[in-house]
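Structure file work.txt (compact mmCIF, C-alpha atoms) follows.
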```txt
# COMPACT_ATOMS: atom_id res chain seq x y z
CA MET A 1 8.66 9.94 18.76
CA LYS A 2 10.38 7.08 17.02
CA ALA A 3 10.96 7.95 13.35
CA SER A 4 11.59 5.75 10.34
CA THR A 5 12.28 6.65 6.74
CA PHE A 6 11.40 4.64 3.67
CA VAL A 7 14.34 3.48 1.56
CA TYR A 8 14.88 1.32 -1.53
CA PRO A 9 17.77 -1.18 -1.65
CA TRP A 10 19.17 0.63 -4.69
CA ASP A 11 19.52 3.78 -2.60
CA VAL A 12 22.02 1.93 -0.42
CA ASP A 13 23.66 -0.85 -2.42
CA GLY A 14 26.78 0.50 -4.13
CA ASP A 15 26.81 3.70 -2.08
CA PRO A 16 29.03 3.20 0.99
CA GLU A 17 28.04 6.62 2.38
CA ALA A 18 24.29 6.00 2.32
CA PRO A 19 23.85 4.20 5.68
CA ALA A 20 25.65 6.87 7.68
CA ARG A 21 23.85 9.64 5.81
CA ILE A 22 20.46 8.09 6.61
CA ALA A 23 21.39 7.53 10.26
CA ALA A 24 22.50 11.17 10.51
CA LEU A 25 18.93 12.26 9.76
CA GLY A 26 18.02 11.31 13.31
CA VAL A 27 15.84 8.32 12.45
CA GLU A 28 16.09 5.13 14.50
CA GLN A 29 14.66 2.85 11.82
CA VAL A 30 14.48 2.33 8.07
CA THR A 31 11.53 0.75 6.27
CA LEU A 32 13.35 -1.02 3.45
CA ALA A 33 11.54 -2.31 0.36
CA ALA A 34 11.55 -6.11 0.11
CA ALA A 35 8.71 -6.51 -2.43
CA TYR A 36 7.85 -3.52 -4.57
CA HIS A 37 5.84 -2.47 -7.61
CA SER A 38 7.25 -1.02 -10.83
CA THR A 39 8.66 2.47 -10.52
CA ARG A 40 11.09 5.01 -11.93
CA ALA A 41 13.08 6.63 -9.15
CA LEU A 42 15.75 9.25 -8.61
CA THR A 43 18.93 8.41 -6.71
CA PRO A 44 20.37 11.94 -6.49
CA ARG A 45 23.49 11.09 -4.46
CA HIS A 46 24.40 7.61 -5.70
CA PRO A 47 27.94 7.30 -7.09
CA ARG A 48 26.90 4.94 -9.91
CA HIS A 49 23.50 6.12 -11.15
CA ARG A 50 20.90 8.86 -10.97
CA ILE A 51 17.79 7.06 -12.31
CA VAL A 52 16.61 3.57 -11.45
CA THR A 53 13.87 1.99 -13.55
CA ALA A 54 12.22 -0.97 -11.86
CA GLU A 55 10.40 -2.40 -14.84
CA HIS A 56 7.92 -4.59 -13.00
CA ALA A 57 6.75 -5.60 -9.55
CA ALA A 58 9.33 -7.87 -7.98
CA VAL A 59 10.77 -9.32 -4.81
CA LEU A 60 14.15 -7.79 -4.01
CA TYR A 61 15.67 -10.99 -2.61
CA PRO A 62 15.89 -14.61 -3.88
CA ALA A 63 12.45 -16.24 -3.52
CA ASP A 64 12.41 -19.66 -1.88
CA ASP A 65 11.06 -23.00 -3.07
CA ARG A 66 7.53 -22.48 -1.72
CA TRP A 67 6.66 -21.18 -5.19
CA THR A 68 7.78 -24.25 -7.13
CA GLY A 69 5.12 -25.34 -9.62
CA ARG A 70 2.71 -22.51 -8.75
CA GLU A 71 1.13 -20.42 -11.50
CA LEU A 72 1.01 -17.26 -9.40
CA ARG A 73 4.43 -16.50 -7.99
CA PRO A 74 6.55 -13.41 -7.37
CA TYR A 75 8.81 -12.10 -10.09
CA ALA A 76 12.54 -11.73 -9.61
CA ALA A 77 13.94 -8.23 -9.94
CA GLY A 78 16.08 -7.27 -12.91
CA PRO A 79 19.35 -5.35 -12.86
CA TRP A 80 17.83 -2.65 -10.67
CA ALA A 81 17.97 -5.00 -7.64
CA PRO A 82 20.02 -8.10 -8.47
CA GLY A 83 20.61 -11.02 -6.14
CA ASP A 84 19.76 -10.37 -2.52
CA ALA A 85 19.56 -6.61 -2.90
CA PHE A 86 17.42 -6.34 0.21
CA GLY A 87 19.82 -8.38 2.30
CA GLU A 88 22.85 -6.39 1.20
CA ALA A 89 21.16 -3.10 2.02
CA ALA A 90 19.78 -4.37 5.33
CA THR A 91 23.23 -5.46 6.48
CA ALA A 92 24.75 -2.09 5.59
CA LEU A 93 21.98 -0.14 7.32
CA ALA A 94 22.16 -2.27 10.45
CA GLY A 95 25.88 -1.61 10.50
CA ALA A 96 25.07 2.09 10.85
CA GLY A 97 22.97 1.34 13.94
CA LEU A 98 19.59 1.43 12.21
CA GLU A 99 16.74 -0.96 12.94
CA VAL A 100 15.46 -2.50 9.71
CA HIS A 101 11.83 -3.30 8.92
CA THR A 102 10.61 -4.70 5.63
CA TRP A 103 8.34 -2.76 3.28
CA VAL A 104 6.09 -5.17 1.40
CA VAL A 105 3.74 -4.13 -1.42
CA LEU A 106 1.08 -6.77 -2.01
CA ALA A 107 -2.12 -6.24 -4.08
CA HIS A 108 -0.53 -3.88 -6.61
CA ASN A 109 1.20 -5.63 -9.49
CA SER A 110 0.82 -4.66 -13.16
CA ARG A 111 2.91 -7.54 -14.50
CA LEU A 112 0.77 -10.08 -12.67
CA GLY A 113 -2.31 -8.57 -14.31
CA ALA A 114 -0.70 -8.50 -17.74
CA GLU A 115 0.43 -12.12 -17.65
CA HIS A 116 -2.60 -13.43 -15.73
CA PRO A 117 -5.46 -11.12 -16.75
CA GLY A 118 -8.02 -13.26 -14.96
CA THR A 119 -6.56 -12.15 -11.62
CA SER A 120 -7.45 -8.48 -12.11
CA VAL A 121 -10.29 -6.33 -10.81
CA VAL A 122 -12.99 -5.94 -13.51
CA ASN A 123 -15.24 -2.89 -13.33
CA ALA A 124 -18.94 -2.64 -14.16
CA TYR A 125 -18.12 -1.86 -17.80
CA GLY A 126 -15.96 -4.96 -18.21
CA ASP A 127 -12.64 -3.06 -18.12
CA ARG A 128 -9.77 -4.80 -16.35
CA TYR A 129 -7.37 -3.06 -13.98
CA PRO A 130 -4.15 -5.02 -14.52
CA TRP A 131 -2.40 -3.20 -11.65
CA ALA A 132 -5.09 -4.34 -9.19
CA PRO A 133 -5.28 -8.05 -8.28
CA CYS A 134 -8.76 -8.95 -7.09
CA ILE A 135 -8.41 -9.93 -3.45
CA ALA A 136 -11.58 -12.06 -3.53
CA GLN A 137 -10.06 -14.73 -5.76
CA PRO A 138 -8.85 -17.80 -3.85
CA ALA A 139 -5.64 -18.29 -5.84
CA THR A 140 -4.76 -14.60 -5.59
CA ARG A 141 -5.42 -14.58 -1.85
CA ALA A 142 -3.15 -17.61 -1.38
CA TYR A 143 -0.43 -15.88 -3.40
CA LEU A 144 -0.73 -12.66 -1.37
CA VAL A 145 -0.69 -14.44 1.98
CA ASP A 146 2.42 -16.45 1.10
CA LEU A 147 4.13 -13.40 -0.38
CA ALA A 148 3.41 -11.46 2.81
CA ALA A 149 5.00 -14.16 4.94
CA GLU A 150 8.07 -14.58 2.75
CA ALA A 151 8.80 -10.93 1.97
CA ALA A 152 8.06 -9.64 5.47
CA VAL A 153 10.28 -12.01 7.42
CA ARG A 154 13.70 -11.39 5.91
CA PRO A 155 17.00 -11.97 7.74
CA GLY A 156 17.94 -8.90 9.71
CA ALA A 157 14.41 -7.45 9.88
CA SER A 158 12.66 -6.93 13.20
CA GLY A 159 9.30 -5.91 11.77
CA THR A 160 7.32 -5.28 8.63
CA GLU A 161 4.95 -2.80 7.03
CA LEU A 162 2.41 -4.32 4.65
CA GLU A 163 1.19 -1.97 1.93
CA SER A 164 -1.77 -2.53 -0.41
CA LEU A 165 -3.21 -5.32 1.71
CA GLY A 166 -6.76 -4.70 0.56
CA TRP A 167 -8.74 -3.49 -2.43
CA TYR A 168 -7.16 -1.45 -5.20
CA GLY A 169 -9.30 0.61 -7.56
CA LEU A 170 -9.15 2.93 -10.55
CA GLU A 171 -6.90 5.54 -9.00
CA HIS A 172 -3.34 4.56 -9.90
CA LEU A 173 -0.28 6.48 -11.06
CA HIS A 174 0.06 4.59 -14.32
CA ALA A 175 2.53 5.32 -17.12
CA HIS A 176 1.44 8.49 -18.98
CA ASP A 177 -1.82 8.48 -17.05
CA LYS A 178 -4.72 10.19 -18.86
CA THR A 179 -7.64 9.47 -16.55
CA GLY A 180 -8.13 12.85 -14.91
CA GLY A 181 -10.46 14.37 -17.47
CA VAL A 182 -13.62 13.68 -15.45
CA GLY A 183 -13.80 14.42 -11.75
CA LEU A 184 -15.19 11.16 -10.38
CA GLY A 185 -14.99 12.25 -6.76
CA GLU A 186 -15.08 9.86 -3.85
CA ALA A 187 -18.42 8.34 -4.77
CA GLY A 188 -17.47 7.79 -8.40
CA GLN A 189 -14.16 6.25 -7.40
CA TYR A 190 -15.98 3.77 -5.18
CA LEU A 191 -18.32 2.71 -7.97
CA MET A 192 -15.41 2.36 -10.40
CA ALA A 193 -13.61 0.19 -7.83
CA LEU A 194 -16.42 -2.36 -7.56
CA CYS A 195 -15.18 -5.62 -9.07
CA PHE A 196 -17.20 -7.95 -11.29
CA CYS A 197 -14.77 -10.81 -11.83
CA PRO A 198 -16.27 -14.31 -11.40
CA SER A 199 -15.26 -14.48 -7.74
CA CYS A 200 -16.85 -11.14 -6.91
CA ARG A 201 -19.98 -11.93 -8.89
CA GLU A 202 -20.34 -15.07 -6.78
CA GLY A 203 -19.63 -13.05 -3.64
CA TYR A 204 -22.38 -10.55 -4.45
CA GLY A 205 -24.72 -13.50 -4.93
CA ARG A 206 -23.92 -14.78 -1.44
CA HIS A 207 -25.02 -11.37 -0.17
CA GLY A 208 -28.31 -11.51 -2.04
CA LEU A 209 -27.38 -9.37 -5.05
CA ASP A 210 -27.67 -10.22 -8.73
CA ALA A 211 -24.30 -9.24 -10.24
CA ASP A 212 -25.72 -8.28 -13.65
CA GLU A 213 -28.35 -6.05 -12.06
CA LEU A 214 -25.72 -4.50 -9.79
CA ALA A 215 -23.40 -3.76 -12.72
CA ALA A 216 -26.27 -2.16 -14.60
CA ALA A 217 -27.11 -0.06 -11.55
CA VAL A 218 -23.50 1.09 -11.28
CA ARG A 219 -23.41 2.14 -14.93
CA THR A 220 -26.70 4.00 -14.56
CA ALA A 221 -25.50 5.74 -11.41
CA LEU A 222 -22.29 6.87 -13.09
CA GLU A 223 -23.88 8.23 -16.26
CA PRO A 224 -24.53 11.74 -14.84
CA VAL A 225 -20.96 11.81 -13.51
CA TRP A 226 -19.54 11.12 -16.98
CA GLN A 227 -21.67 14.00 -18.22
CA GLY A 228 -20.13 16.36 -15.68
CA ALA A 229 -22.47 16.21 -12.68
CA PRO A 230 -20.58 16.48 -9.38
CA SER A 231 -19.92 13.28 -7.47
CA ASP A 232 -20.64 14.00 -3.82
CA GLY A 233 -18.02 12.97 -1.27
CA GLY A 234 -18.40 10.57 1.60
CA TRP A 235 -20.62 7.56 2.09
CA ALA A 236 -23.77 9.65 1.73
CA GLY A 237 -22.69 10.49 -1.81
CA ILE A 238 -22.22 6.81 -2.63
CA GLU A 239 -25.67 5.98 -1.27
CA LYS A 240 -27.12 8.85 -3.30
CA LEU A 241 -25.65 7.47 -6.54
CA LEU A 242 -26.21 3.77 -5.99
CA GLY A 243 -29.03 3.61 -3.47
CA GLU A 244 -28.72 2.72 0.20
CA THR A 245 -29.38 -1.01 -0.09
CA LEU A 246 -26.94 -1.69 -2.93
CA ALA A 247 -24.28 0.55 -1.41
CA THR A 248 -24.53 -1.05 2.03
CA THR A 249 -24.50 -4.59 0.67
CA THR A 250 -21.51 -4.07 -1.61
CA ARG A 251 -19.61 -2.48 1.25
CA ALA A 252 -20.41 -5.40 3.55
CA TYR A 253 -19.07 -7.86 0.98
CA ARG A 254 -15.92 -5.86 0.28
CA ASP A 255 -15.22 -5.14 3.95
CA GLU A 256 -15.54 -8.82 4.82
CA THR A 257 -13.25 -9.82 1.94
CA ALA A 258 -10.54 -7.37 2.96
CA ARG A 259 -10.80 -8.16 6.68
CA THR A 260 -10.37 -11.88 6.22
CA LEU A 261 -7.40 -11.41 3.88
CA GLN A 262 -5.73 -9.08 6.39
CA GLU A 263 -6.29 -11.61 9.17
CA GLN A 264 -4.82 -14.42 7.09
CA ALA A 265 -1.79 -12.42 5.95
CA VAL A 266 -0.92 -11.15 9.42
CA ALA A 267 -1.32 -14.67 10.84
CA ALA A 268 1.01 -16.05 8.16
CA VAL A 269 3.63 -13.40 8.93
CA ARG A 270 3.43 -14.12 12.64
CA ALA A 271 3.77 -17.86 12.04
CA ALA A 272 6.97 -17.26 10.04
CA ALA A 273 8.44 -14.59 12.31
CA PRO A 274 10.38 -14.74 15.57
CA ASP A 275 8.83 -13.54 18.81
CA GLY A 276 8.58 -9.77 19.04
CA PHE A 277 8.41 -9.23 15.28
CA GLN A 278 6.25 -6.15 14.64
CA VAL A 279 3.50 -6.24 12.00
CA LEU A 280 2.02 -2.95 10.77
CA LEU A 281 -0.39 -2.23 7.92
CA HIS A 282 -0.55 0.85 5.73
CA ALA A 283 -4.17 1.82 6.25
CA ASP A 284 -6.91 4.40 5.86
CA PRO A 285 -9.59 4.65 8.58
CA VAL A 286 -12.49 4.67 6.08
CA SER A 287 -13.16 1.06 5.15
CA TYR A 288 -14.48 1.69 1.62
CA HIS A 289 -11.37 3.57 0.51
CA VAL A 290 -9.03 1.74 -1.86
CA GLY A 291 -5.39 1.92 -2.89
CA ALA A 292 -1.93 1.62 -1.36
CA ASN A 293 -3.43 2.56 2.02
CA PRO A 294 -6.61 0.49 1.83
CA GLY A 295 -9.56 1.23 4.04
CA VAL A 296 -9.92 -0.72 7.27
CA ASP A 297 -12.09 -0.75 10.35
CA PRO A 298 -9.79 0.79 12.99
CA ALA A 299 -11.03 -1.37 15.88
CA HIS A 300 -10.69 -4.54 13.86
CA ILE A 301 -7.27 -3.90 12.39
CA LEU A 302 -5.77 -2.95 15.74
CA SER A 303 -7.05 -6.28 17.09
CA VAL A 304 -5.18 -8.06 14.29
CA ALA A 305 -1.93 -6.16 13.71
CA ASP A 306 0.46 -4.33 16.02
CA GLY A 307 -0.50 -1.03 14.47
CA VAL A 308 -0.91 1.05 11.36
CA VAL A 309 0.95 3.49 9.14
CA VAL A 310 -1.46 6.27 8.25
CA PRO A 311 -1.12 8.72 5.33
CA CYS A 312 -1.04 12.31 6.59
CA ALA A 313 -0.24 14.24 3.41
CA GLY A 314 -3.73 15.73 3.52
CA GLY A 315 -3.75 16.35 7.25
CA THR A 316 -3.52 14.48 10.52
CA GLY A 317 -7.24 13.88 11.00
CA THR A 318 -6.78 10.35 9.62
CA LEU A 319 -4.93 9.45 12.82
CA THR A 320 -7.82 10.11 15.19
CA PRO A 321 -10.01 7.06 14.44
CA PHE A 322 -7.06 4.77 15.21
CA ALA A 323 -5.84 6.68 18.26
CA ARG A 324 -9.30 6.84 19.84
CA GLN A 325 -9.37 3.03 20.05
CA GLY A 326 -7.09 3.38 23.06
CA ARG A 327 -5.38 0.06 22.38
CA GLU A 328 -2.38 -0.16 24.67
CA GLY A 329 0.91 -0.61 22.84
CA ALA A 330 -0.57 -0.11 19.38
CA VAL A 331 1.59 1.78 16.89
CA VAL A 332 -0.11 4.67 15.13
CA ALA A 333 2.55 5.98 12.75
CA ALA A 334 1.96 9.27 10.94
CA ASN A 335 3.33 9.09 7.40
CA PHE A 336 4.54 12.44 6.03
CA PRO A 337 5.98 13.06 2.56
CA VAL A 338 9.27 14.98 2.87
CA VAL A 339 10.24 15.26 -0.80
CA SER A 340 9.37 18.83 -1.71
CA GLY A 341 9.50 18.13 -5.45
CA MET A 342 6.77 15.51 -4.98
CA GLY A 343 4.49 17.71 -2.89
CA GLY A 344 6.08 17.05 0.49
CA SER A 345 6.79 19.72 3.08
CA PRO A 346 9.99 18.95 5.00
CA GLY A 347 10.13 22.52 6.25
CA THR A 348 6.95 22.03 8.29
CA LEU A 349 7.86 18.57 9.59
CA ALA A 350 8.45 19.71 13.18
CA ALA A 351 5.03 21.39 13.36
CA ASP A 352 3.38 18.48 11.53
CA ALA A 353 4.93 15.97 13.93
CA ALA A 354 3.75 17.97 16.92
CA GLU A 355 0.21 18.04 15.54
CA ALA A 356 0.39 14.32 14.81
CA ARG A 357 1.41 13.67 18.40
CA ARG A 358 -1.59 15.67 19.60
CA ARG A 359 -3.80 13.56 17.36
CA GLY A 360 -2.47 10.37 18.94
CA ALA A 361 0.46 9.38 16.72
CA THR A 362 3.10 7.32 18.47
CA GLU A 363 5.66 7.24 15.65
CA LEU A 364 6.65 9.00 12.42
CA ARG A 365 7.24 7.70 8.91
CA LEU A 366 9.09 9.85 6.38
CA TYR A 367 8.70 9.34 2.66
CA HIS A 368 11.44 9.07 1.41
CA ALA A 369 15.17 9.44 2.19
CA GLY A 370 16.38 8.07 -1.12
CA LEU A 371 14.25 10.40 -3.25
CA ALA A 372 14.78 13.61 -1.29
CA SER A 373 17.14 16.43 -2.25
CA ASP A 374 20.00 17.52 -0.01
CA ASP A 375 17.94 20.53 1.10
CA ASP A 376 15.01 18.28 1.98
CA LEU A 377 17.27 16.02 4.03
CA ALA A 378 18.75 19.01 5.84
CA ALA A 379 15.23 20.14 6.78
CA VAL A 380 14.43 16.65 8.06
CA ARG A 381 17.59 16.58 10.19
CA SER A 382 16.69 19.93 11.69
CA ALA A 383 13.10 18.89 12.42
CA LEU A 384 14.01 15.57 14.03
CA ALA A 385 16.74 17.17 16.12
CA GLY A 386 14.10 19.38 17.69
CA LEU A 387 11.63 16.65 18.58
```

What is this file in structure tokens?
Amino acid sequence: MKASTFVYPWDVDGDPEAPARIAALGVEQVTLAAAYHSTRALTPRHPRHRIVTAEHAAVLYPADDRWTGRELRPYAAGPWAPGDAFGEAATALAGAGLEVHTWVVLAHNSRLGAEHPGTSVVNAYGDRYPWAPCIAQPATRAYLVDLAAEAAVRPGASGTELESLGWYGLEHLHAHDKTGGVGLGEAGQYLMALCFCPSCREGYGRHGLDADELAAAVRTALEPVWQGAPSDGGWAGIEKLLGETLATTTRAYRDETARTLQEQAVAAVRAAAPDGFQVLLHADPVSYHVGANPGVDPAHILSVADGVVVPCAGGTGTLTPFARQGREGAVVAANFPVVSGMGGSPGTLAADAAEARRRGATELRLYHAGLASDDDLAAVRSALAGL
């Protein structure tokens, strides 16, 4: 199975030993961040630093003139990734014999929400989620589509992985996060992800719903959850809280909004890319799920993109809905965390990869070579050597 590991430019730039060390893991490819959200990251082997603080979402290369005069535009990185940090890292990694694909984070940008609050998802209580751009808004969609095309097709890259190309919701690892006091469950998370910005209110209207009445219904449905009642999992739990008609109609609107954005973004990447350029999406097989791996319809997304990268931290069952489509040549990449200090299990990677193959995975993704300890990397080398 072809394997790729995620890497940040700052893991490589300034560390002449990094490319060879990554290649020695046994991976054929690196998925290198080209546009990324704010983060604080370890660099445990870098000769110049141990902590990198990326203060805001940014592109890690010089943006071109397509953004001139536009209100919504990508932010340049600060000292954590100066100049063409992506390009420098990509050249070094390719020199070690590694294939380079871009890693592009799209609808996840706290600075965009802070500086342009009208772009954010607004919940039924009127609270804004500044980290979550609403993908129904025309200007935001245009920004995301153009960002996908620019950030994906970088010199030296032969493919891309598009993350957060869909709805984002409440769940978010925010600074000093204090939102875990009430167990919202899957149903509660869905209701708290429903957006009521002007674009979404108009969208609900097109589907025959009154936005004010829907917001009131969401608040009523959530009241027992705030008081401690369990929020049942799965779609049946959402229908139980909100009612079948409202639940089904909101899902239809949100699914349509995400599908059309995904189609537009992939088409824009293909138009900018050379022949043979691979386009994958980070995706969850349940269409109403939100976040970095947004929910998709497996049959639809495999008709649009070349494949998917599927989170497998909680098990490999998420692979099956994609694999059962039987689409010839489609990539179904199983994404395993391999940083033990962040909940990963590099010691079980060989067994996990074997199970993923049985479930229909065609490739592996490993999160993340730059963050992992030496012991974690040794376990990855051992596992990949045995595959």

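Proximity of A:Arg73, A:His108, A:Arg357, A:His37 to Ala58 (chain A), computed with all atoms listed in the file, is greatest for A:His37.
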
Counting only C-alpha atoms, the residue of A:Ala268, A:Leu72, A:Phe86, A:Thr91 that sits nearest Pro16 (chain A)
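Answer, going by the shortest atom-to-atom distance: A:Thr91.
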
Dig up all the protein and nucleic acid residues within 9 Å of (-13.4, 14.1, -15.6) in the file frame, using all atoms listed in the file, and format them as a PDB file with C-alpha atoms, keeping the file's coordinate frame.
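After the write, part27.pdb holds the following:
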```pdb
ATOM      1  CA  THR A 179      -7.640   9.470 -16.550  1.00  0.00           C
ATOM      2  CA  GLY A 180      -8.130  12.850 -14.910  1.00  0.00           C
ATOM      3  CA  GLY A 181     -10.460  14.370 -17.470  1.00  0.00           C
ATOM      4  CA  VAL A 182     -13.620  13.680 -15.450  1.00  0.00           C
ATOM      5  CA  GLY A 183     -13.800  14.420 -11.750  1.00  0.00           C
ATOM      6  CA  LEU A 184     -15.190  11.160 -10.380  1.00  0.00           C
ATOM      7  CA  VAL A 225     -20.960  11.810 -13.510  1.00  0.00           C
ATOM      8  CA  TRP A 226     -19.540  11.120 -16.980  1.00  0.00           C
ATOM      9  CA  GLN A 227     -21.670  14.000 -18.220  1.00  0.00           C
ATOM     10  CA  GLY A 228     -20.130  16.360 -15.680  1.00  0.00           C
TER      11      GLY A 228
END
```

Quick one: contact table of region 97-160 of chain A to region 17-23 of chain A, 12 Å max, nearest atom pair and distance in Å to one decimal per residue, counting only C-alpha atoms, chain and number order, as a tab-separated table?
```
residue	atom	partner	partner_atom	distance
A:Gly97	CA	A:Ala23	CA	7.4
A:Leu98	CA	A:Ala23	CA	6.7
A:Glu99	CA	A:Ala23	CA	10.0
A:Val100	CA	A:Pro19	CA	11.5
```

Write to file, as a PDB file, in the coordinates of the input, the residues of the selection just made, with C-alpha atoms.
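Just written: result_17.pdb:
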```pdb
ATOM      1  CA  GLY A  97      22.970   1.340  13.940  1.00  0.00           C
ATOM      2  CA  LEU A  98      19.590   1.430  12.210  1.00  0.00           C
ATOM      3  CA  GLU A  99      16.740  -0.960  12.940  1.00  0.00           C
ATOM      4  CA  VAL A 100      15.460  -2.500   9.710  1.00  0.00           C
TER       5      VAL A 100
END
```

Using only C-alpha atoms, what residues lie at most 10 Å away from (0.5, -9.3, -15.2) (file coordinates), given as a VMD selection string?
chain A and resid 56 to 57 72 109 to 120 130 to 133

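The residue that comes closest to Ala272 (chain A), out of A:Leu241, A:Val12, A:Leu377, A:Leu147 and on the basis of only C-alpha atoms, is A:Leu147.
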
Counting all atoms listed in the file, the option among A:Phe277, A:Trp167, A:Phe336, A:Tyr190 closest to Ala313 (chain A):
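Of the candidates, the smallest distance to Ala313 (chain A) is held by A:Phe336.
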
Enter the distance from CA of Arg50 (chain A) to CA of Ala94 (chain A), in Å, rounded to one decimal.
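Computing it gives 24.2 Å between the two atoms.
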